[in-house]
Amino acid sequence: MKHIINSYENINDTARNNSDCPRVVLPEEIFFTISIAGVLENLIVLLAVFKNKNLQAPMYFFICSLAISDMLGSLYKILENILIILRNTGYLKPRGSFETTADDIIDSLFVLSLLGSIFSLSVIAADRYITIFHALRYHSIVTVRRTVVVLAVIWTFCTASGIAIVIFSHHVPTVITFTSLFPLMLVFILCLYVHMFLLARSHTRKISTLPRTNMKGAITLTILLGVFIFCWAPFVLHVLLMTFCPSNPYCACYMSLFQVNGMLIMCNAVIDPFIYAFRSPELRDAFTKMVFCS
């Protein structure tokens, strides 16, 4: 998906001159350090759930799905840096067949990270909705088997879509489809929130009797969603501007911040595990035991 991810390099020179906005360049060491931290932190989340039977529940499986998405986003940047180093040191032929194939595979990880995050957050929202308004039937509705099936379908779809988006990334309809998934997720979760609010008004007494952890899970989802929007929305906007107004000086000025937007995406993978630990005592205890090897 070089046409999307590296598009800032193709901004029209006239637009750059008219915008008077120099391109912001960040040291690759910053990206590499944040990416390493993102991979390690989310790997700890996965190991914590895998090693603790009390965490092997549908809610934590959905969190693991989001952690995998974050880890793929960090892994994308690590592999990209390695590829750049190999090319600069002469081990790879510039624009050779191997580099082109490797680029496509690495870019697929990036797209897969975004798609996985979108669907993981959506399914977490659905899970929280069922937890709050169907609390008595939750364990019969959201079983481990159904959770595994849903996640398998989601990741199969995301993988196939990621490959297709990379292959056809130079087509405008592909870009529109890619970027439209972001607002569609927001609309879906917003609809759930509005419905939850309307039901809450008519079932105030019933809601007040729910376990505190049910409402706490909804608040955690809100925080995760807010961080996701803050970190990914600038990049999605960049893709849209690059597609529809690459020569406009105002668009070019915003696109000069491409690397800053990329760093925000890397930060998302670092922030999410802290949210899990801060909001979930069970995960926090598991993290503590793993870090201190107790």
# chains A, B, ... in the order shown; residues from 1 in each chain; ligands from 1
$ closest_atom_pairs --of "region 38-63 of chain A" --to "region 72-86 of chain A" --cutoff "10 Å" --atoms "only C-alpha atoms" --output "JSON lines"
{"residue": "A:Gly38", "atom": "CA", "partner": "A:Ser74", "partner_atom": "CA", "distance": 5.8}
{"residue": "A:Val39", "atom": "CA", "partner": "A:Ser74", "partner_atom": "CA", "distance": 5.9}
{"residue": "A:Leu40", "atom": "CA", "partner": "A:Ser74", "partner_atom": "CA", "distance": 9.6}
{"residue": "A:Asn42", "atom": "CA", "partner": "A:Ser74", "partner_atom": "CA", "distance": 9.7}
$ write_last_selection --atoms "C-alpha atoms" --output "PDB file, in the first residue's frame"
ATOM      1  CA  GLY A  38       4.153  -1.613  21.702  1.00  0.00           C
ATOM      2  CA  VAL A  39       5.046  -5.176  20.710  1.00  0.00           C
ATOM      3  CA  LEU A  40       6.383  -6.079  24.161  1.00  0.00           C
ATOM      4  CA  ASN A  42       0.778  -6.253  23.979  1.00  0.00           C
TER       5      ASN A  42
END
$ atom_distance --atom1 "CA of Thr89 (chain A)" --atom2 "CA of Glu28 (chain A)"
15.8 Å
$ residues_around --residues "Ile44 (chain A)" --least-positions-apart "3" --cutoff "8 Å" --atoms "only C-alpha atoms" --output "PyMOL selection string"
chain A and resi 40-41+47-48+287+290
$ write_last_selection --atoms "C-alpha atoms" --output "CSV table (one decimal), in the first residue's frame"
chain,number,residue,atom,x,y,z
A,40,LEU,CA,6.4,-6.1,24.2
A,41,GLU,CA,3.5,-4.5,26.1
A,47,LEU,CA,0.7,-14.0,27.8
A,48,ALA,CA,-1.3,-12.8,30.8
A,287,PHE,CA,0.9,-8.1,34.8
A,290,MET,CA,4.6,-11.7,35.2
$ closest_residue --among "A:Phe32, A:Tyr129, A:Leu237, A:Ser256" --to "Val194 (chain A)" --atoms "only C-alpha atoms"
A:Tyr129
$ select_by_dssp --residues "region 12-258 of chain A" --states "alpha helix (DSSP H)" --output "JSON, numbers by chain"
{"A": [13, 14, 15, 16, 17, 18, 19, 28, 29, 30, 31, 32, 33, 34, 35, 36, 37, 38, 39, 40, 41, 42, 43, 44, 45, 46, 47, 48, 49, 50, 51, 58, 59, 60, 61, 62, 63, 64, 65, 66, 67, 68, 69, 70, 71, 72, 73, 74, 75, 76, 77, 78, 79, 80, 81, 82, 83, 84, 85, 86, 87, 88, 97, 98, 99, 100, 101, 102, 103, 104, 105, 106, 107, 108, 109, 110, 111, 112, 113, 114, 115, 116, 117, 118, 119, 120, 121, 122, 123, 124, 125, 126, 127, 128, 129, 130, 131, 132, 133, 138, 139, 140, 141, 144, 145, 146, 147, 148, 149, 150, 151, 152, 153, 154, 155, 156, 157, 158, 159, 160, 161, 162, 163, 164, 165, 166, 167, 172, 173, 174, 175, 176, 177, 178, 179, 180, 181, 182, 183, 184, 185, 186, 187, 188, 189, 190, 191, 192, 193, 194, 195, 196, 197, 198, 199, 200, 201, 202, 204, 205, 206, 207, 208, 212, 213, 214, 215, 216, 217, 218, 219, 220, 221, 222, 223, 224, 225, 226, 227, 228, 229, 230, 231, 232, 233, 234, 235, 236, 237, 238, 239, 240, 241, 242, 243, 244, 249, 250, 251, 252, 253, 254, 255, 258]}
$ residues_around --residues "region 50-52 of chain A" --least-positions-apart "3" --cutoff "12 Å" --atoms "only C-alpha atoms" --output "compact mmCIF listing (two decimals) with N, CA and C atoms, in the first residue's frame"
# COMPACT_ATOMS: atom_id res chain seq x y z
N LEU A 43 2.34 -8.11 23.90
CA LEU A 43 2.71 -9.52 24.08
C LEU A 43 2.49 -9.95 25.53
N ILE A 44 2.76 -9.04 26.46
CA ILE A 44 2.52 -9.32 27.88
C ILE A 44 1.02 -9.52 28.13
N VAL A 45 0.18 -8.71 27.47
CA VAL A 45 -1.28 -8.87 27.60
C VAL A 45 -1.71 -10.26 27.15
N LEU A 46 -1.20 -10.69 25.99
CA LEU A 46 -1.56 -12.01 25.46
C LEU A 46 -1.09 -13.13 26.38
N LEU A 47 0.14 -13.01 26.88
CA LEU A 47 0.68 -14.04 27.78
C LEU A 47 -0.08 -14.08 29.10
N LEU A 55 -8.67 -15.49 33.56
CA LEU A 55 -8.81 -14.45 32.54
C LEU A 55 -9.27 -15.01 31.20
N GLN A 56 -9.42 -16.31 31.12
CA GLN A 56 -9.81 -16.93 29.85
C GLN A 56 -11.33 -16.93 29.70
N ALA A 57 -11.84 -15.70 29.51
CA ALA A 57 -13.28 -15.46 29.35
C ALA A 57 -13.48 -14.64 28.07
N TYR A 60 -12.05 -11.02 27.81
CA TYR A 60 -10.59 -10.92 27.69
C TYR A 60 -10.10 -11.46 26.34
N PHE A 61 -10.85 -12.37 25.75
CA PHE A 61 -10.50 -12.82 24.40
C PHE A 61 -10.65 -11.66 23.40
N CYS A 64 -7.77 -9.46 23.85
CA CYS A 64 -6.61 -10.05 23.17
C CYS A 64 -6.64 -9.76 21.68
N GLU A 282 -7.82 -7.56 37.64
CA GLU A 282 -7.35 -8.91 37.32
C GLU A 282 -6.14 -8.87 36.39
N LEU A 283 -6.23 -8.05 35.33
CA LEU A 283 -5.10 -7.93 34.41
C LEU A 283 -3.91 -7.27 35.09
N ASP A 285 -3.06 -7.44 38.23
CA ASP A 285 -2.39 -8.44 39.08
C ASP A 285 -1.58 -9.42 38.23
N ALA A 286 -2.16 -9.81 37.08
CA ALA A 286 -1.44 -10.74 36.20
C ALA A 286 -0.18 -10.11 35.64
N PHE A 287 -0.26 -8.82 35.27
CA PHE A 287 0.92 -8.11 34.77
C PHE A 287 2.00 -8.04 35.84
N LYS A 289 2.52 -10.01 38.42
CA LYS A 289 3.13 -11.32 38.65
C LYS A 289 4.11 -11.69 37.54
N MET A 290 3.75 -11.33 36.28
CA MET A 290 4.63 -11.65 35.17
C MET A 290 5.89 -10.81 35.18
$ closest_residue --among "A:Phe292, A:Ala233, A:Cys245, A:Arg284" --to "Val49 (chain A)" --atoms "only C-alpha atoms"
A:Arg284
$ residues_around --residues "Ile163 (chain A)" --least-positions-apart "3" --cutoff "9 Å" --atoms "only C-alpha atoms" --output "list in words"
Asp104, Ile105, Asp107, Ser108, Val111, Leu112, Cys158, Thr159, Ala160, Val166, Ile167 and Phe168 of chain A
$ closest_residue --among "A:Val172, A:Leu257, A:Ala277, A:Leu121" --to "Leu26 (chain A)" --atoms "only C-alpha atoms"
A:Leu257
$ atom_distance --atom1 "CA of Met255 (chain A)" --atom2 "CA of Phe178 (chain A)"
18.2 Å
